[in-house]
Amino acid sequence: MNTFKALQISKDGEQQQTECVQLSREDLMPGDVLVAVEYSTINYKDGLAITGKGPVVRKWPMIPGIDFAGTVIESDHAEFSAGDAVVLNGWGVGEVHYGAYAEQARVKGDWLIKKPAGMTPKQCMAVGTAGYTAMLSVLALEKHGITPDQGPVLVTGANGGVGSVAVSILSKLGYEVIASTGRTEHADFLKQLGASSVIDRAELSEKGRPMGKERWRAAVDSIGSHTLANVIAQTQYGGAVTSCGLAQGADLPLTVMPFILRGVSLLGIDSVMAPKAVREEAWARLQQDLDLEKLELLSETVGFDQIVEKATDIVDGKIKGRVIVEIA
């Protein structure tokens, strides 16, 4: 298949356009591995790129989509051969390098990892960058010494991609999980994933006090801004909070009080440029610690022609769980 379909976004002045185009392999960017893309997913970052509501894309035109699962067509990389099943997350794909919303992708082999043996390509994209980021957050809490017997863990944005997977993983590992969401009508869904209790995001989303009542031992936050500030202000002595997103905003309006009076730690989570060893550890743990039945529960599958619609929905806060895209 020398020509294939792709979703391309372009810019004319300040006006952004999205269209389905036919490309050839000669149109692809440089790389030493050519992959037949089978599945992708829609993350919040993908939504920002396609809608233009965030400065995600830095090279135009661009094929968006920051992660994929597929099969190697041809390779000049020592680690991969034709027929290998592979997964990619991040590395600027869909931002500065043609991404996942195409039937073929040419990328650097150093960006790829072998698909976990116990997961299908579709399951890998049910996880996607959002779920992989959730696992990185859990690993960071573990390495900080946070254990299930120390107290509850809060997950903000619990209905979203990072949040829903984090709830599922943490509950399977034995943590008491408090889920924060703006869609409390989905409380039963979150309890099915393993949340012990559900709170309204309104409790955390407005400007709060520099220090609040100690409510949780740790937290996984993908929201930022006032929400993250309030989460930190209500974390128990010696606790830790991971930060991996900015759905509410990139600002962080807080004081140093929780850090110097309670010894709270803020742990930054980067999924884009994480070293291969870290990625492989995260995917190995996902295979081990993520309940695949819950993964099915929190996922929906859409076709290529629904990418733009679902990208808009995820930015508007209308998506529950994970969205898998069937590319081919």
# chains A, B, ... in the order shown; residues from 1 in each chain; ligands from 1
>>> select_by_dssp(residues="region 91-266 of chain A", states="alpha helix (DSSP H)", output="PyMOL selection string")
chain A and resi 121-143+161-172+187-193+225-233+257-261
>>> select_by_dssp(residues="region 122-218 of chain A", states="strand (DSSP E)", output="list of chain:residue names")
A:Val153, A:Leu154, A:Val155, A:Val177, A:Ile178, A:Ala179, A:Ser180, A:Thr181, A:Ser197, A:Val198, A:Ile199, A:Asp200, A:Trp216, A:Arg217, A:Ala218
>>> residues_around(residues="Pro64 (chain A)", least_positions_apart="2", cutoff="9 Å", atoms="only C-alpha atoms", output="short mmCIF file (atom, residue, chain, number, x, y, z; two decimals) with C-alpha atoms, in the first residue's frame")
data_model
loop_
_atom_site.label_atom_id
_atom_site.label_comp_id
_atom_site.auth_asym_id
_atom_site.auth_seq_id
_atom_site.Cartn_x
_atom_site.Cartn_y
_atom_site.Cartn_z
CA LEU A 7 -5.88 13.13 8.91
CA GLN A 8 -3.95 16.34 8.28
CA ILE A 9 -4.22 19.69 10.02
CA ASP A 46 -4.80 15.26 20.74
CA ALA A 49 -4.10 19.80 18.67
CA ILE A 50 -7.13 19.10 16.46
CA VAL A 57 1.35 21.52 17.07
CA MET A 62 0.86 18.00 10.73
CA ILE A 66 0.58 11.16 19.82
CA VAL A 93 4.92 12.61 17.37
CA GLY A 94 1.76 14.49 16.37
CA GLU A 95 3.45 17.74 17.40
CA HIS A 97 6.70 14.71 13.57
CA TYR A 98 3.86 13.13 11.58
CA GLY A 99 1.71 11.17 14.00
CA ALA A 100 -0.71 8.32 14.47
CA TYR A 101 -3.83 9.37 12.55
CA ALA A 102 -2.63 7.75 9.33
#
>>> residues_around(residues="region 281-283 of chain A", least_positions_apart="4", cutoff="9 Å", atoms="only C-alpha atoms", output="list in words")
Lys115, Pro116, Cys124, Tyr132, Thr133, Met135, Leu136, Leu139, Lys276, Ala277, Gln287 and Gln288 of chain A
>>> residues_around(residues="Phe189 (chain A)", least_positions_apart="3", cutoff="9 Å", atoms="only C-alpha atoms", output="list in words")
Asn159, Glu185, His186, Gln192, Leu193, Gly194, Ala195, Leu297 and Leu298 of chain A
>>> write_last_selection(atoms="N, CA and C atoms", output="PDB file, in the first residue's frame")
ATOM      1  N   ASN A 159     -12.863  10.923  35.691  1.00  0.00           N
ATOM      2  CA  ASN A 159     -13.584  10.384  34.540  1.00  0.00           C
ATOM      3  C   ASN A 159     -12.758  10.413  33.264  1.00  0.00           C
ATOM      4  N   GLU A 185     -22.615  12.381  38.250  1.00  0.00           N
ATOM      5  CA  GLU A 185     -23.613  11.406  37.804  1.00  0.00           C
ATOM      6  C   GLU A 185     -22.963  10.095  37.372  1.00  0.00           C
ATOM      7  N   HIS A 186     -21.630  10.127  37.170  1.00  0.00           N
ATOM      8  CA  HIS A 186     -20.900   8.917  36.804  1.00  0.00           C
ATOM      9  C   HIS A 186     -20.228   8.261  38.018  1.00  0.00           C
ATOM     10  N   GLN A 192     -17.239   1.305  40.065  1.00  0.00           N
ATOM     11  CA  GLN A 192     -16.967   0.062  39.353  1.00  0.00           C
ATOM     12  C   GLN A 192     -15.481  -0.085  39.044  1.00  0.00           C
ATOM     13  N   LEU A 193     -14.835   1.044  38.766  1.00  0.00           N
ATOM     14  CA  LEU A 193     -13.389   1.018  38.487  1.00  0.00           C
ATOM     15  C   LEU A 193     -12.573   0.798  39.754  1.00  0.00           C
ATOM     16  N   GLY A 194     -13.191   1.056  40.918  1.00  0.00           N
ATOM     17  CA  GLY A 194     -12.485   0.802  42.163  1.00  0.00           C
ATOM     18  C   GLY A 194     -12.442   1.948  43.147  1.00  0.00           C
ATOM     19  N   ALA A 195     -13.061   3.087  42.816  1.00  0.00           N
ATOM     20  CA  ALA A 195     -13.076   4.212  43.755  1.00  0.00           C
ATOM     21  C   ALA A 195     -13.877   3.863  45.000  1.00  0.00           C
ATOM     22  N   LEU A 297     -14.234  -1.872  30.334  1.00  0.00           N
ATOM     23  CA  LEU A 297     -15.344  -1.092  30.881  1.00  0.00           C
ATOM     24  C   LEU A 297     -15.159   0.404  30.622  1.00  0.00           C
ATOM     25  N   LEU A 298     -13.931   0.875  30.690  1.00  0.00           N
ATOM     26  CA  LEU A 298     -13.693   2.311  30.580  1.00  0.00           C
ATOM     27  C   LEU A 298     -13.331   2.764  29.164  1.00  0.00           C
TER      28      LEU A 298
END
>>> residues_around(residues="Ala166 (chain A)", least_positions_apart="3", cutoff="9 Å", atoms="only C-alpha atoms", output="mmCIF file with all heavy atoms, in the first residue's frame")
data_model
loop_
_atom_site.group_PDB
_atom_site.id
_atom_site.type_symbol
_atom_site.label_atom_id
_atom_site.label_comp_id
_atom_site.auth_asym_id
_atom_site.auth_seq_id
_atom_site.Cartn_x
_atom_site.Cartn_y
_atom_site.Cartn_z
ATOM 1 N N GLY A 131 -3.112 6.374 29.871
ATOM 2 C CA GLY A 131 -2.944 5.290 30.833
ATOM 3 C C GLY A 131 -1.500 5.050 31.206
ATOM 4 O O GLY A 131 -1.184 4.734 32.363
ATOM 5 N N THR A 133 0.721 7.371 31.282
ATOM 6 C CA THR A 133 1.032 8.472 32.205
ATOM 7 C C THR A 133 0.498 8.177 33.600
ATOM 8 O O THR A 133 1.143 8.488 34.614
ATOM 9 C CB THR A 133 0.449 9.792 31.675
ATOM 10 O OG1 THR A 133 0.967 10.046 30.368
ATOM 11 C CG2 THR A 133 0.797 10.956 32.579
ATOM 12 N N ALA A 134 -0.685 7.578 33.677
ATOM 13 C CA ALA A 134 -1.229 7.183 34.982
ATOM 14 C C ALA A 134 -0.297 6.205 35.680
ATOM 15 O O ALA A 134 -0.056 6.305 36.888
ATOM 16 C CB ALA A 134 -2.619 6.558 34.798
ATOM 17 N N MET A 135 0.252 5.253 34.920
ATOM 18 C CA MET A 135 1.173 4.283 35.503
ATOM 19 C C MET A 135 2.458 4.950 35.957
ATOM 20 O O MET A 135 2.993 4.614 37.023
ATOM 21 C CB MET A 135 1.486 3.181 34.485
ATOM 22 C CG MET A 135 2.248 1.997 35.079
ATOM 23 S SD MET A 135 1.217 0.938 36.124
ATOM 24 C CE MET A 135 2.000 1.144 37.723
ATOM 25 N N SER A 137 2.659 7.876 37.081
ATOM 26 C CA SER A 137 2.290 8.566 38.325
ATOM 27 C C SER A 137 2.273 7.600 39.503
ATOM 28 O O SER A 137 2.773 7.915 40.594
ATOM 29 C CB SER A 137 0.917 9.223 38.163
ATOM 30 O OG SER A 137 0.915 10.157 37.108
ATOM 31 N N VAL A 138 1.710 6.422 39.298
ATOM 32 C CA VAL A 138 1.680 5.411 40.360
ATOM 33 C C VAL A 138 3.108 4.990 40.730
ATOM 34 O O VAL A 138 3.448 4.868 41.916
ATOM 35 C CB VAL A 138 0.846 4.195 39.924
ATOM 36 C CG1 VAL A 138 0.952 3.067 40.953
ATOM 37 C CG2 VAL A 138 -0.615 4.594 39.734
ATOM 38 N N VAL A 155 -7.609 11.006 43.225
ATOM 39 C CA VAL A 155 -7.384 11.102 41.786
ATOM 40 C C VAL A 155 -8.303 12.184 41.249
ATOM 41 O O VAL A 155 -9.528 12.062 41.337
ATOM 42 C CB VAL A 155 -7.656 9.765 41.065
ATOM 43 C CG1 VAL A 155 -7.488 9.932 39.560
ATOM 44 C CG2 VAL A 155 -6.731 8.672 41.593
ATOM 45 N N ALA A 158 -11.158 12.246 37.445
ATOM 46 C CA ALA A 158 -11.239 10.784 37.510
ATOM 47 C C ALA A 158 -12.005 10.159 36.352
ATOM 48 O O ALA A 158 -11.816 8.985 36.050
ATOM 49 C CB ALA A 158 -11.855 10.357 38.839
ATOM 50 N N GLY A 161 -9.053 10.239 30.836
ATOM 51 C CA GLY A 161 -8.166 9.140 30.471
ATOM 52 C C GLY A 161 -7.158 8.787 31.538
ATOM 53 O O GLY A 161 -7.059 7.630 31.963
ATOM 54 N N VAL A 162 -6.382 9.779 32.010
ATOM 55 C CA VAL A 162 -5.407 9.524 33.069
ATOM 56 C C VAL A 162 -6.122 9.083 34.336
ATOM 57 O O VAL A 162 -5.762 8.086 34.973
ATOM 58 C CB VAL A 162 -4.555 10.775 33.355
ATOM 59 C CG1 VAL A 162 -3.650 10.549 34.569
ATOM 60 C CG2 VAL A 162 -3.713 11.150 32.139
ATOM 61 N N GLY A 163 -7.160 9.816 34.705
ATOM 62 C CA GLY A 163 -7.842 9.562 35.963
ATOM 63 C C GLY A 163 -8.484 8.193 36.047
ATOM 64 O O GLY A 163 -8.345 7.488 37.048
ATOM 65 N N ILE A 169 -5.882 1.206 38.470
ATOM 66 C CA ILE A 169 -4.599 0.648 38.910
ATOM 67 C C ILE A 169 -4.466 0.716 40.427
ATOM 68 O O ILE A 169 -4.140 -0.271 41.097
ATOM 69 C CB ILE A 169 -3.414 1.390 38.257
ATOM 70 C CG1 ILE A 169 -3.395 1.153 36.749
ATOM 71 C CG2 ILE A 169 -2.088 0.936 38.870
ATOM 72 C CD1 ILE A 169 -2.425 2.066 36.010
ATOM 73 N N LEU A 170 -4.724 1.905 40.984
ATOM 74 C CA LEU A 170 -4.537 2.098 42.421
ATOM 75 C C LEU A 170 -5.436 1.173 43.231
ATOM 76 O O LEU A 170 -5.017 0.603 44.246
ATOM 77 C CB LEU A 170 -4.801 3.561 42.786
ATOM 78 C CG LEU A 170 -3.726 4.563 42.346
ATOM 79 C CD1 LEU A 170 -4.268 5.989 42.386
ATOM 80 C CD2 LEU A 170 -2.477 4.442 43.224
ATOM 81 N N SER A 171 -6.674 1.015 42.789
ATOM 82 C CA SER A 171 -7.591 0.147 43.539
ATOM 83 C C SER A 171 -7.119 -1.303 43.495
ATOM 84 O O SER A 171 -7.200 -2.019 44.499
ATOM 85 C CB SER A 171 -9.006 0.277 42.994
ATOM 86 O OG SER A 171 -9.093 -0.211 41.673
ATOM 87 N N VAL A 220 -3.006 11.917 42.538
ATOM 88 C CA VAL A 220 -2.620 11.931 41.128
ATOM 89 C C VAL A 220 -3.449 13.031 40.475
ATOM 90 O O VAL A 220 -4.679 12.932 40.409
ATOM 91 C CB VAL A 220 -2.905 10.572 40.456
ATOM 92 C CG1 VAL A 220 -2.655 10.653 38.950
ATOM 93 C CG2 VAL A 220 -2.053 9.477 41.089
#
>>> closest_residue(among="A:Asp270, A:Gln15, A:Ser81, A:Pro152", to="Glu214 (chain A)", atoms="only C-alpha atoms")
A:Pro152
>>> atom_distance(atom1="CA of Pro275 (chain A)", atom2="CA of Trp111 (chain A)")
9.2 Å
>>> residues_around(residues="Leu267 (chain A)", least_positions_apart="3", cutoff="9 Å", atoms="only C-alpha atoms", output="JSON, numbers by chain")
{"A": [137, 140, 141, 240, 241, 242, 243, 244]}
>>> atom_distance(atom1="CA of Val72 (chain A)", atom2="CA of Glu103 (chain A)")
12.0 Å
